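Structure below is structure.pdb: PDB, N, CA and C atoms, pLDDT in the B column.
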MODEL        1
ATOM      1  N   MET A   1      20.869  17.661 -13.797  1.00 58.00           N
ATOM      2  CA  MET A   1      19.857  18.002 -12.823  1.00 58.00           C
ATOM      3  C   MET A   1      20.378  17.614 -11.444  1.00 58.00           C
ATOM      4  N   LYS A   2      20.293  18.500 -10.503  1.00 64.00           N
ATOM      5  CA  LYS A   2      20.739  18.228  -9.143  1.00 64.00           C
ATOM      6  C   LYS A   2      19.532  17.948  -8.254  1.00 64.00           C
ATOM      7  N   TYR A   3      19.736  17.041  -7.331  1.00 59.00           N
ATOM      8  CA  TYR A   3      18.695  16.708  -6.378  1.00 59.00           C
ATOM      9  C   TYR A   3      19.163  17.087  -4.980  1.00 59.00           C
ATOM     10  N   ALA A   4      18.305  17.704  -4.236  1.00 62.00           N
ATOM     11  CA  ALA A   4      18.622  18.055  -2.856  1.00 62.00           C
ATOM     12  C   ALA A   4      18.205  16.905  -1.944  1.00 62.00           C
ATOM     13  N   LEU A   5      19.063  16.582  -1.011  1.00 59.00           N
ATOM     14  CA  LEU A   5      18.710  15.546  -0.042  1.00 59.00           C
ATOM     15  C   LEU A   5      17.711  16.126   0.951  1.00 59.00           C
ATOM     16  N   MET A   6      16.668  15.365   1.193  1.00 62.00           N
ATOM     17  CA  MET A   6      15.630  15.834   2.107  1.00 62.00           C
ATOM     18  C   MET A   6      15.446  14.813   3.215  1.00 62.00           C
ATOM     19  N   ASP A   7      15.175  15.277   4.387  1.00 67.00           N
ATOM     20  CA  ASP A   7      14.885  14.404   5.516  1.00 67.00           C
ATOM     21  C   ASP A   7      13.366  14.278   5.612  1.00 67.00           C
ATOM     22  N   ASN A   8      12.796  13.486   4.710  1.00 73.00           N
ATOM     23  CA  ASN A   8      11.340  13.346   4.682  1.00 73.00           C
ATOM     24  C   ASN A   8      10.796  12.753   5.970  1.00 73.00           C
ATOM     25  N   GLU A   9      11.494  11.760   6.516  1.00 74.00           N
ATOM     26  CA  GLU A   9      11.018  11.144   7.753  1.00 74.00           C
ATOM     27  C   GLU A   9      10.987  12.168   8.880  1.00 74.00           C
ATOM     28  N   GLY A  10      12.058  12.960   9.004  1.00 79.00           N
ATOM     29  CA  GLY A  10      12.111  13.981  10.044  1.00 79.00           C
ATOM     30  C   GLY A  10      11.018  15.018   9.879  1.00 79.00           C
ATOM     31  N   GLN A  11      10.764  15.423   8.637  1.00 79.00           N
ATOM     32  CA  GLN A  11       9.724  16.418   8.379  1.00 79.00           C
ATOM     33  C   GLN A  11       8.346  15.868   8.739  1.00 79.00           C
ATOM     34  N   LEU A  12       8.106  14.603   8.425  1.00 78.00           N
ATOM     35  CA  LEU A  12       6.817  14.000   8.773  1.00 78.00           C
ATOM     36  C   LEU A  12       6.656  13.866  10.283  1.00 78.00           C
ATOM     37  N   LEU A  13       7.724  13.437  10.953  1.00 82.00           N
ATOM     38  CA  LEU A  13       7.655  13.283  12.404  1.00 82.00           C
ATOM     39  C   LEU A  13       7.405  14.615  13.099  1.00 82.00           C
ATOM     40  N   GLU A  14       7.995  15.690  12.577  1.00 84.00           N
ATOM     41  CA  GLU A  14       7.762  17.022  13.148  1.00 84.00           C
ATOM     42  C   GLU A  14       6.287  17.408  13.064  1.00 84.00           C
ATOM     43  N   LYS A  15       5.603  16.917  12.024  1.00 84.00           N
ATOM     44  CA  LYS A  15       4.185  17.235  11.843  1.00 84.00           C
ATOM     45  C   LYS A  15       3.280  16.218  12.537  1.00 84.00           C
ATOM     46  N   GLY A  16       3.881  15.313  13.314  1.00 84.00           N
ATOM     47  CA  GLY A  16       3.080  14.319  14.028  1.00 84.00           C
ATOM     48  C   GLY A  16       2.634  13.163  13.157  1.00 84.00           C
ATOM     49  N   LYS A  17       3.259  12.972  12.008  1.00 79.00           N
ATOM     50  CA  LYS A  17       2.913  11.877  11.086  1.00 79.00           C
ATOM     51  C   LYS A  17       4.003  10.824  11.132  1.00 79.00           C
ATOM     52  N   ARG A  18       3.607   9.569  11.197  1.00 77.00           N
ATOM     53  CA  ARG A  18       4.576   8.471  11.212  1.00 77.00           C
ATOM     54  C   ARG A  18       4.683   7.872   9.810  1.00 77.00           C
ATOM     55  N   PRO A  19       5.863   7.901   9.197  1.00 74.00           N
ATOM     56  CA  PRO A  19       6.004   7.333   7.857  1.00 74.00           C
ATOM     57  C   PRO A  19       5.935   5.814   7.884  1.00 74.00           C
ATOM     58  N   SER A  20       5.451   5.232   6.802  1.00 78.00           N
ATOM     59  CA  SER A  20       5.419   3.779   6.671  1.00 78.00           C
ATOM     60  C   SER A  20       5.547   3.417   5.202  1.00 78.00           C
ATOM     61  N   ALA A  21       5.823   2.171   4.935  1.00 82.00           N
ATOM     62  CA  ALA A  21       5.927   1.675   3.560  1.00 82.00           C
ATOM     63  C   ALA A  21       4.922   0.538   3.384  1.00 82.00           C
ATOM     64  N   GLU A  22       4.260   0.528   2.252  1.00 85.00           N
ATOM     65  CA  GLU A  22       3.282  -0.512   1.943  1.00 85.00           C
ATOM     66  C   GLU A  22       3.547  -1.038   0.541  1.00 85.00           C
ATOM     67  N   ASN A  23       3.052  -2.237   0.271  1.00 86.00           N
ATOM     68  CA  ASN A  23       3.166  -2.731  -1.099  1.00 86.00           C
ATOM     69  C   ASN A  23       2.112  -2.063  -1.974  1.00 86.00           C
ATOM     70  N   ASP A  24       2.170  -2.329  -3.265  1.00 88.00           N
ATOM     71  CA  ASP A  24       1.295  -1.631  -4.200  1.00 88.00           C
ATOM     72  C   ASP A  24      -0.188  -1.888  -3.948  1.00 88.00           C
ATOM     73  N   ALA A  25      -0.548  -3.103  -3.578  1.00 88.00           N
ATOM     74  CA  ALA A  25      -1.966  -3.422  -3.369  1.00 88.00           C
ATOM     75  C   ALA A  25      -2.519  -2.742  -2.126  1.00 88.00           C
ATOM     76  N   LYS A  26      -1.745  -2.746  -1.066  1.00 90.00           N
ATOM     77  CA  LYS A  26      -2.196  -2.069   0.156  1.00 90.00           C
ATOM     78  C   LYS A  26      -2.249  -0.550  -0.066  1.00 90.00           C
ATOM     79  N   ALA A  27      -1.289  -0.025  -0.800  1.00 90.00           N
ATOM     80  CA  ALA A  27      -1.314   1.406  -1.131  1.00 90.00           C
ATOM     81  C   ALA A  27      -2.538   1.736  -1.986  1.00 90.00           C
ATOM     82  N   ALA A  28      -2.912   0.830  -2.878  1.00 91.00           N
ATOM     83  CA  ALA A  28      -4.104   1.041  -3.702  1.00 91.00           C
ATOM     84  C   ALA A  28      -5.355   1.103  -2.838  1.00 91.00           C
ATOM     85  N   ALA A  29      -5.440   0.249  -1.819  1.00 92.00           N
ATOM     86  CA  ALA A  29      -6.594   0.275  -0.915  1.00 92.00           C
ATOM     87  C   ALA A  29      -6.669   1.609  -0.181  1.00 92.00           C
ATOM     88  N   LEU A  30      -5.516   2.103   0.275  1.00 90.00           N
ATOM     89  CA  LEU A  30      -5.495   3.407   0.948  1.00 90.00           C
ATOM     90  C   LEU A  30      -5.918   4.524  -0.003  1.00 90.00           C
ATOM     91  N   CYS A  31      -5.443   4.467  -1.235  1.00 92.00           N
ATOM     92  CA  CYS A  31      -5.809   5.499  -2.228  1.00 92.00           C
ATOM     93  C   CYS A  31      -7.290   5.444  -2.565  1.00 92.00           C
ATOM     94  N   GLU A  32      -7.841   4.241  -2.672  1.00 94.00           N
ATOM     95  CA  GLU A  32      -9.276   4.115  -2.945  1.00 94.00           C
ATOM     96  C   GLU A  32     -10.100   4.690  -1.795  1.00 94.00           C
ATOM     97  N   GLN A  33      -9.619   4.504  -0.577  1.00 92.00           N
ATOM     98  CA  GLN A  33     -10.332   5.069   0.577  1.00 92.00           C
ATOM     99  C   GLN A  33     -10.215   6.589   0.582  1.00 92.00           C
ATOM    100  N   TRP A  34      -9.081   7.098   0.186  1.00 90.00           N
ATOM    101  CA  TRP A  34      -8.832   8.538   0.210  1.00 90.00           C
ATOM    102  C   TRP A  34      -9.560   9.259  -0.923  1.00 90.00           C
ATOM    103  N   LEU A  35      -9.469   8.714  -2.157  1.00 93.00           N
ATOM    104  CA  LEU A  35      -9.980   9.433  -3.313  1.00 93.00           C
ATOM    105  C   LEU A  35     -10.925   8.637  -4.215  1.00 93.00           C
ATOM    106  N   GLY A  36     -11.031   7.322  -3.996  1.00 93.00           N
ATOM    107  CA  GLY A  36     -11.742   6.490  -4.964  1.00 93.00           C
ATOM    108  C   GLY A  36     -13.054   5.909  -4.489  1.00 93.00           C
ATOM    109  N   GLU A  37     -13.277   4.669  -4.881  1.00 92.00           N
ATOM    110  CA  GLU A  37     -14.543   3.994  -4.633  1.00 92.00           C
ATOM    111  C   GLU A  37     -14.823   3.724  -3.155  1.00 92.00           C
ATOM    112  N   LEU A  38     -13.803   3.725  -2.321  1.00 92.00           N
ATOM    113  CA  LEU A  38     -14.013   3.500  -0.890  1.00 92.00           C
ATOM    114  C   LEU A  38     -14.131   4.803  -0.101  1.00 92.00           C
ATOM    115  N   LYS A  39     -14.139   5.928  -0.791  1.00 92.00           N
ATOM    116  CA  LYS A  39     -14.247   7.210  -0.106  1.00 92.00           C
ATOM    117  C   LYS A  39     -15.564   7.276   0.662  1.00 92.00           C
ATOM    118  N   GLY A  40     -15.460   7.569   1.947  1.00 91.00           N
ATOM    119  CA  GLY A  40     -16.641   7.634   2.796  1.00 91.00           C
ATOM    120  C   GLY A  40     -17.093   6.282   3.325  1.00 91.00           C
ATOM    121  N   VAL A  41     -16.360   5.223   2.971  1.00 90.00           N
ATOM    122  CA  VAL A  41     -16.697   3.870   3.415  1.00 90.00           C
ATOM    123  C   VAL A  41     -15.751   3.496   4.546  1.00 90.00           C
ATOM    124  N   ASP A  42     -16.292   2.947   5.620  1.00 91.00           N
ATOM    125  CA  ASP A  42     -15.497   2.607   6.793  1.00 91.00           C
ATOM    126  C   ASP A  42     -14.738   1.288   6.632  1.00 91.00           C
ATOM    127  N   THR A  43     -15.335   0.338   5.915  1.00 93.00           N
ATOM    128  CA  THR A  43     -14.748  -0.986   5.751  1.00 93.00           C
ATOM    129  C   THR A  43     -14.895  -1.425   4.298  1.00 93.00           C
ATOM    130  N   GLY A  44     -13.795  -1.908   3.714  1.00 93.00           N
ATOM    131  CA  GLY A  44     -13.837  -2.355   2.330  1.00 93.00           C
ATOM    132  C   GLY A  44     -12.567  -3.089   1.953  1.00 93.00           C
ATOM    133  N   ALA A  45     -12.562  -3.642   0.755  1.00 92.00           N
ATOM    134  CA  ALA A  45     -11.411  -4.396   0.266  1.00 92.00           C
ATOM    135  C   ALA A  45     -11.143  -4.028  -1.182  1.00 92.00           C
ATOM    136  N   VAL A  46      -9.884  -4.118  -1.568  1.00 92.00           N
ATOM    137  CA  VAL A  46      -9.455  -3.848  -2.932  1.00 92.00           C
ATOM    138  C   VAL A  46      -8.636  -5.039  -3.406  1.00 92.00           C
ATOM    139  N   MET A  47      -8.905  -5.503  -4.618  1.00 91.00           N
ATOM    140  CA  MET A  47      -8.122  -6.569  -5.231  1.00 91.00           C
ATOM    141  C   MET A  47      -7.398  -5.989  -6.428  1.00 91.00           C
ATOM    142  N   THR A  48      -6.111  -6.280  -6.541  1.00 89.00           N
ATOM    143  CA  THR A  48      -5.328  -5.772  -7.668  1.00 89.00           C
ATOM    144  C   THR A  48      -4.823  -6.929  -8.516  1.00 89.00           C
ATOM    145  N   LEU A  49      -4.788  -6.713  -9.818  1.00 86.00           N
ATOM    146  CA  LEU A  49      -4.242  -7.673 -10.769  1.00 86.00           C
ATOM    147  C   LEU A  49      -3.176  -6.965 -11.577  1.00 86.00           C
ATOM    148  N   GLY A  50      -1.989  -7.478 -11.582  1.00 79.00           N
ATOM    149  CA  GLY A  50      -0.891  -6.866 -12.326  1.00 79.00           C
ATOM    150  C   GLY A  50       0.167  -7.916 -12.559  1.00 79.00           C
ATOM    151  N   THR A  51       1.281  -7.786 -11.899  1.00 68.00           N
ATOM    152  CA  THR A  51       2.324  -8.804 -11.984  1.00 68.00           C
ATOM    153  C   THR A  51       1.942 -10.030 -11.169  1.00 68.00           C
ATOM    154  N   GLY A  52       0.919  -9.897 -10.355  1.00 74.00           N
ATOM    155  CA  GLY A  52       0.385 -10.989  -9.542  1.00 74.00           C
ATOM    156  C   GLY A  52      -0.975 -10.577  -9.025  1.00 74.00           C
ATOM    157  N   VAL A  53      -1.465 -11.274  -8.020  1.00 81.00           N
ATOM    158  CA  VAL A  53      -2.758 -10.962  -7.418  1.00 81.00           C
ATOM    159  C   VAL A  53      -2.486 -10.447  -6.011  1.00 81.00           C
ATOM    160  N   GLY A  54      -3.037  -9.300  -5.688  1.00 85.00           N
ATOM    161  CA  GLY A  54      -2.826  -8.729  -4.364  1.00 85.00           C
ATOM    162  C   GLY A  54      -4.092  -8.080  -3.859  1.00 85.00           C
ATOM    163  N   GLY A  55      -4.019  -7.573  -2.665  1.00 89.00           N
ATOM    164  CA  GLY A  55      -5.188  -6.930  -2.107  1.00 89.00           C
ATOM    165  C   GLY A  55      -4.869  -6.144  -0.857  1.00 89.00           C
ATOM    166  N   GLY A  56      -5.789  -5.316  -0.498  1.00 90.00           N
ATOM    167  CA  GLY A  56      -5.695  -4.535   0.717  1.00 90.00           C
ATOM    168  C   GLY A  56      -7.062  -4.446   1.359  1.00 90.00           C
ATOM    169  N   ILE A  57      -7.091  -4.455   2.684  1.00 91.00           N
ATOM    170  CA  ILE A  57      -8.351  -4.416   3.424  1.00 91.00           C
ATOM    171  C   ILE A  57      -8.324  -3.221   4.367  1.00 91.00           C
ATOM    172  N   VAL A  58      -9.403  -2.441   4.326  1.00 92.00           N
ATOM    173  CA  VAL A  58      -9.566  -1.300   5.216  1.00 92.00           C
ATOM    174  C   VAL A  58     -10.687  -1.638   6.191  1.00 92.00           C
ATOM    175  N   VAL A  59     -10.395  -1.548   7.495  1.00 93.00           N
ATOM    176  CA  VAL A  59     -11.387  -1.825   8.541  1.00 93.00           C
ATOM    177  C   VAL A  59     -11.360  -0.668   9.523  1.00 93.00           C
ATOM    178  N   GLY A  60     -12.513  -0.112   9.785  1.00 91.00           N
ATOM    179  CA  GLY A  60     -12.586   1.006  10.719  1.00 91.00           C
ATOM    180  C   GLY A  60     -11.815   2.218  10.228  1.00 91.00           C
ATOM    181  N   GLY A  61     -11.705   2.352   8.901  1.00 88.00           N
ATOM    182  CA  GLY A  61     -11.002   3.492   8.327  1.00 88.00           C
ATOM    183  C   GLY A  61      -9.485   3.363   8.320  1.00 88.00           C
ATOM    184  N   LYS A  62      -8.969   2.188   8.749  1.00 89.00           N
ATOM    185  CA  LYS A  62      -7.515   1.994   8.790  1.00 89.00           C
ATOM    186  C   LYS A  62      -7.140   0.732   8.028  1.00 89.00           C
ATOM    187  N   LEU A  63      -5.945   0.758   7.450  1.00 89.00           N
ATOM    188  CA  LEU A  63      -5.451  -0.397   6.716  1.00 89.00           C
ATOM    189  C   LEU A  63      -5.205  -1.555   7.681  1.00 89.00           C
ATOM    190  N   LEU A  64      -5.719  -2.715   7.327  1.00 90.00           N
ATOM    191  CA  LEU A  64      -5.561  -3.911   8.152  1.00 90.00           C
ATOM    192  C   LEU A  64      -4.253  -4.601   7.777  1.00 90.00           C
ATOM    193  N   HIS A  65      -3.401  -4.827   8.775  1.00 87.00           N
ATOM    194  CA  HIS A  65      -2.122  -5.494   8.532  1.00 87.00           C
ATOM    195  C   HIS A  65      -2.138  -6.942   8.999  1.00 87.00           C
ATOM    196  N   GLY A  66      -2.806  -7.233  10.085  1.00 84.00           N
ATOM    197  CA  GLY A  66      -2.802  -8.573  10.657  1.00 84.00           C
ATOM    198  C   GLY A  66      -1.573  -8.796  11.523  1.00 84.00           C
ATOM    199  N   SER A  67      -1.568  -9.870  12.280  1.00 85.00           N
ATOM    200  CA  SER A  67      -0.480 -10.124  13.228  1.00 85.00           C
ATOM    201  C   SER A  67       0.847 -10.401  12.544  1.00 85.00           C
ATOM    202  N   SER A  68       0.821 -10.896  11.320  1.00 78.00           N
ATOM    203  CA  SER A  68       2.066 -11.174  10.595  1.00 78.00           C
ATOM    204  C   SER A  68       2.186 -10.313   9.338  1.00 78.00           C
ATOM    205  N   PHE A  69       1.435  -9.216   9.284  1.00 79.00           N
ATOM    206  CA  PHE A  69       1.451  -8.275   8.163  1.00 79.00           C
ATOM    207  C   PHE A  69       1.057  -8.922   6.836  1.00 79.00           C
ATOM    208  N   GLN A  70       0.237  -9.961   6.894  1.00 76.00           N
ATOM    209  CA  GLN A  70      -0.185 -10.665   5.686  1.00 76.00           C
ATOM    210  C   GLN A  70      -1.657 -10.445   5.347  1.00 76.00           C
ATOM    211  N   ALA A  71      -2.360  -9.624   6.108  1.00 81.00           N
ATOM    212  CA  ALA A  71      -3.781  -9.385   5.839  1.00 81.00           C
ATOM    213  C   ALA A  71      -3.941  -8.780   4.444  1.00 81.00           C
ATOM    214  N   GLY A  72      -4.872  -9.319   3.689  1.00 77.00           N
ATOM    215  CA  GLY A  72      -5.131  -8.822   2.343  1.00 77.00           C
ATOM    216  C   GLY A  72      -4.282  -9.473   1.276  1.00 77.00           C
ATOM    217  N   GLU A  73      -3.284 -10.264   1.676  1.00 77.00           N
ATOM    218  CA  GLU A  73      -2.466 -10.962   0.691  1.00 77.00           C
ATOM    219  C   GLU A  73      -3.278 -12.143   0.177  1.00 77.00           C
ATOM    220  N   LEU A  74      -3.912 -11.956  -0.959  1.00 73.00           N
ATOM    221  CA  LEU A  74      -4.851 -12.948  -1.470  1.00 73.00           C
ATOM    222  C   LEU A  74      -4.148 -14.209  -1.943  1.00 73.00           C
ATOM    223  N   SER A  75      -3.059 -14.054  -2.635  1.00 67.00           N
ATOM    224  CA  SER A  75      -2.274 -15.204  -3.095  1.00 67.00           C
ATOM    225  C   SER A  75      -1.033 -14.673  -3.795  1.00 67.00           C
ATOM    226  N   TRP A  76      -0.179 -15.585  -4.136  1.00 59.00           N
ATOM    227  CA  TRP A  76       0.991 -15.211  -4.924  1.00 59.00           C
ATOM    228  C   TRP A  76       0.982 -16.091  -6.139  1.00 59.00           C
ATOM    229  N   MET A  77       0.796 -15.465  -7.307  1.00 54.00           N
ATOM    230  CA  MET A  77       0.724 -16.221  -8.550  1.00 54.00           C
ATOM    231  C   MET A  77       1.602 -15.530  -9.581  1.00 54.00           C
ATOM    232  N   ILE A  78       2.336 -16.312 -10.330  1.00 58.00           N
ATOM    233  CA  ILE A  78       3.117 -15.761 -11.426  1.00 58.00           C
ATOM    234  C   ILE A  78       2.200 -15.686 -12.642  1.00 58.00           C
ATOM    235  N   MET A  79       2.069 -14.494 -13.183  1.00 61.00           N
ATOM    236  CA  MET A  79       1.192 -14.301 -14.331  1.00 61.00           C
ATOM    237  C   MET A  79       1.920 -14.612 -15.646  1.00 61.00           C
ATOM    238  N   ASN A  80       3.243 -14.543 -15.634  1.00 67.00           N
ATOM    239  CA  ASN A  80       4.053 -14.815 -16.808  1.00 67.00           C
ATOM    240  C   ASN A  80       4.909 -16.039 -16.497  1.00 67.00           C
ATOM    241  N   GLN A  81       4.578 -17.192 -17.055  1.00 65.00           N
ATOM    242  CA  GLN A  81       5.282 -18.429 -16.704  1.00 65.00           C
ATOM    243  C   GLN A  81       6.769 -18.357 -17.040  1.00 65.00           C
ATOM    244  N   GLU A  82       7.136 -17.664 -18.088  1.00 71.00           N
ATOM    245  CA  GLU A  82       8.544 -17.550 -18.447  1.00 71.00           C
ATOM    246  C   GLU A  82       9.333 -16.809 -17.362  1.00 71.00           C
ATOM    247  N   ALA A  83       8.696 -15.880 -16.663  1.00 62.00           N
ATOM    248  CA  ALA A  83       9.369 -15.123 -15.611  1.00 62.00           C
ATOM    249  C   ALA A  83       9.622 -15.982 -14.393  1.00 62.00           C
ATOM    250  N   GLY A  84       8.868 -17.059 -14.208  1.00 54.00           N
ATOM    251  CA  GLY A  84       9.020 -17.898 -13.019  1.00 54.00           C
ATOM    252  C   GLY A  84      10.065 -18.980 -13.158  1.00 54.00           C
ATOM    253  N   GLN A  85      10.681 -19.104 -14.319  1.00 57.00           N
ATOM    254  CA  GLN A  85      11.673 -20.173 -14.532  1.00 57.00           C
ATOM    255  C   GLN A  85      13.071 -19.734 -14.178  1.00 57.00           C
TER
ENDMDL
END
Take the structure in the file and write it out as structure tokens.
Amino acid sequence: MKYALMDNEGQLLEKGKRPSAENDAKAAALCEQWLGELKGVDTGAVMTLGTGVGGGIVVGGKLLHGSSFQAGELSWMIMNQEAGQ
């Protein structure tokens, strides 16, 4: 299978969209606002449980990052003790 190289960033910029990268919890908050339980809600929070505990906060319809990009980071916990050794 061959893959074509694409300039996704350039294509987004041409359309007036600025690309960004988020962690899984913040991306989940954006998805919930777009299609899920936060749809139509201006302000809300999402908590995720998986490999750790995370979260994302939406305020005024936009993802909250905070001054050090730590907004919504609820904590860092290892759920599998063997993985932390």
For this session: For the structure provided, state which residues fall under the PyMOL selection byres (((chain A and resi 54 and name CA) around 9) and name CA), and present them as a ChimeraX atom specification.
Result: /A:24-26,46-50,52-53,55-56,72-76
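The residues returned by the PyMOL selection byres ((chain A and resi 30) around 8) for this structure are Asp24, Ala25, Lys26, Ala27, Ala28, Ala29, Cys31, Glu32, Gln33, Trp34, Leu35, Gly36, Val46, Gly56, Ile57, Val58, Lys62 and Leu63 of chain A.
Of note, atom CA of A:Phe69 and atom CA of A:Pro19 are spaced 16.3 Å apart.
Across the structure, atom CA of A:Gly44 and atom CA of A:Gly16 are spaced 26.5 Å apart.
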Exercise. Distance atom C of A:Val59-atom C of A:Thr43, one decimal place?
Worked result: 6.4 Å
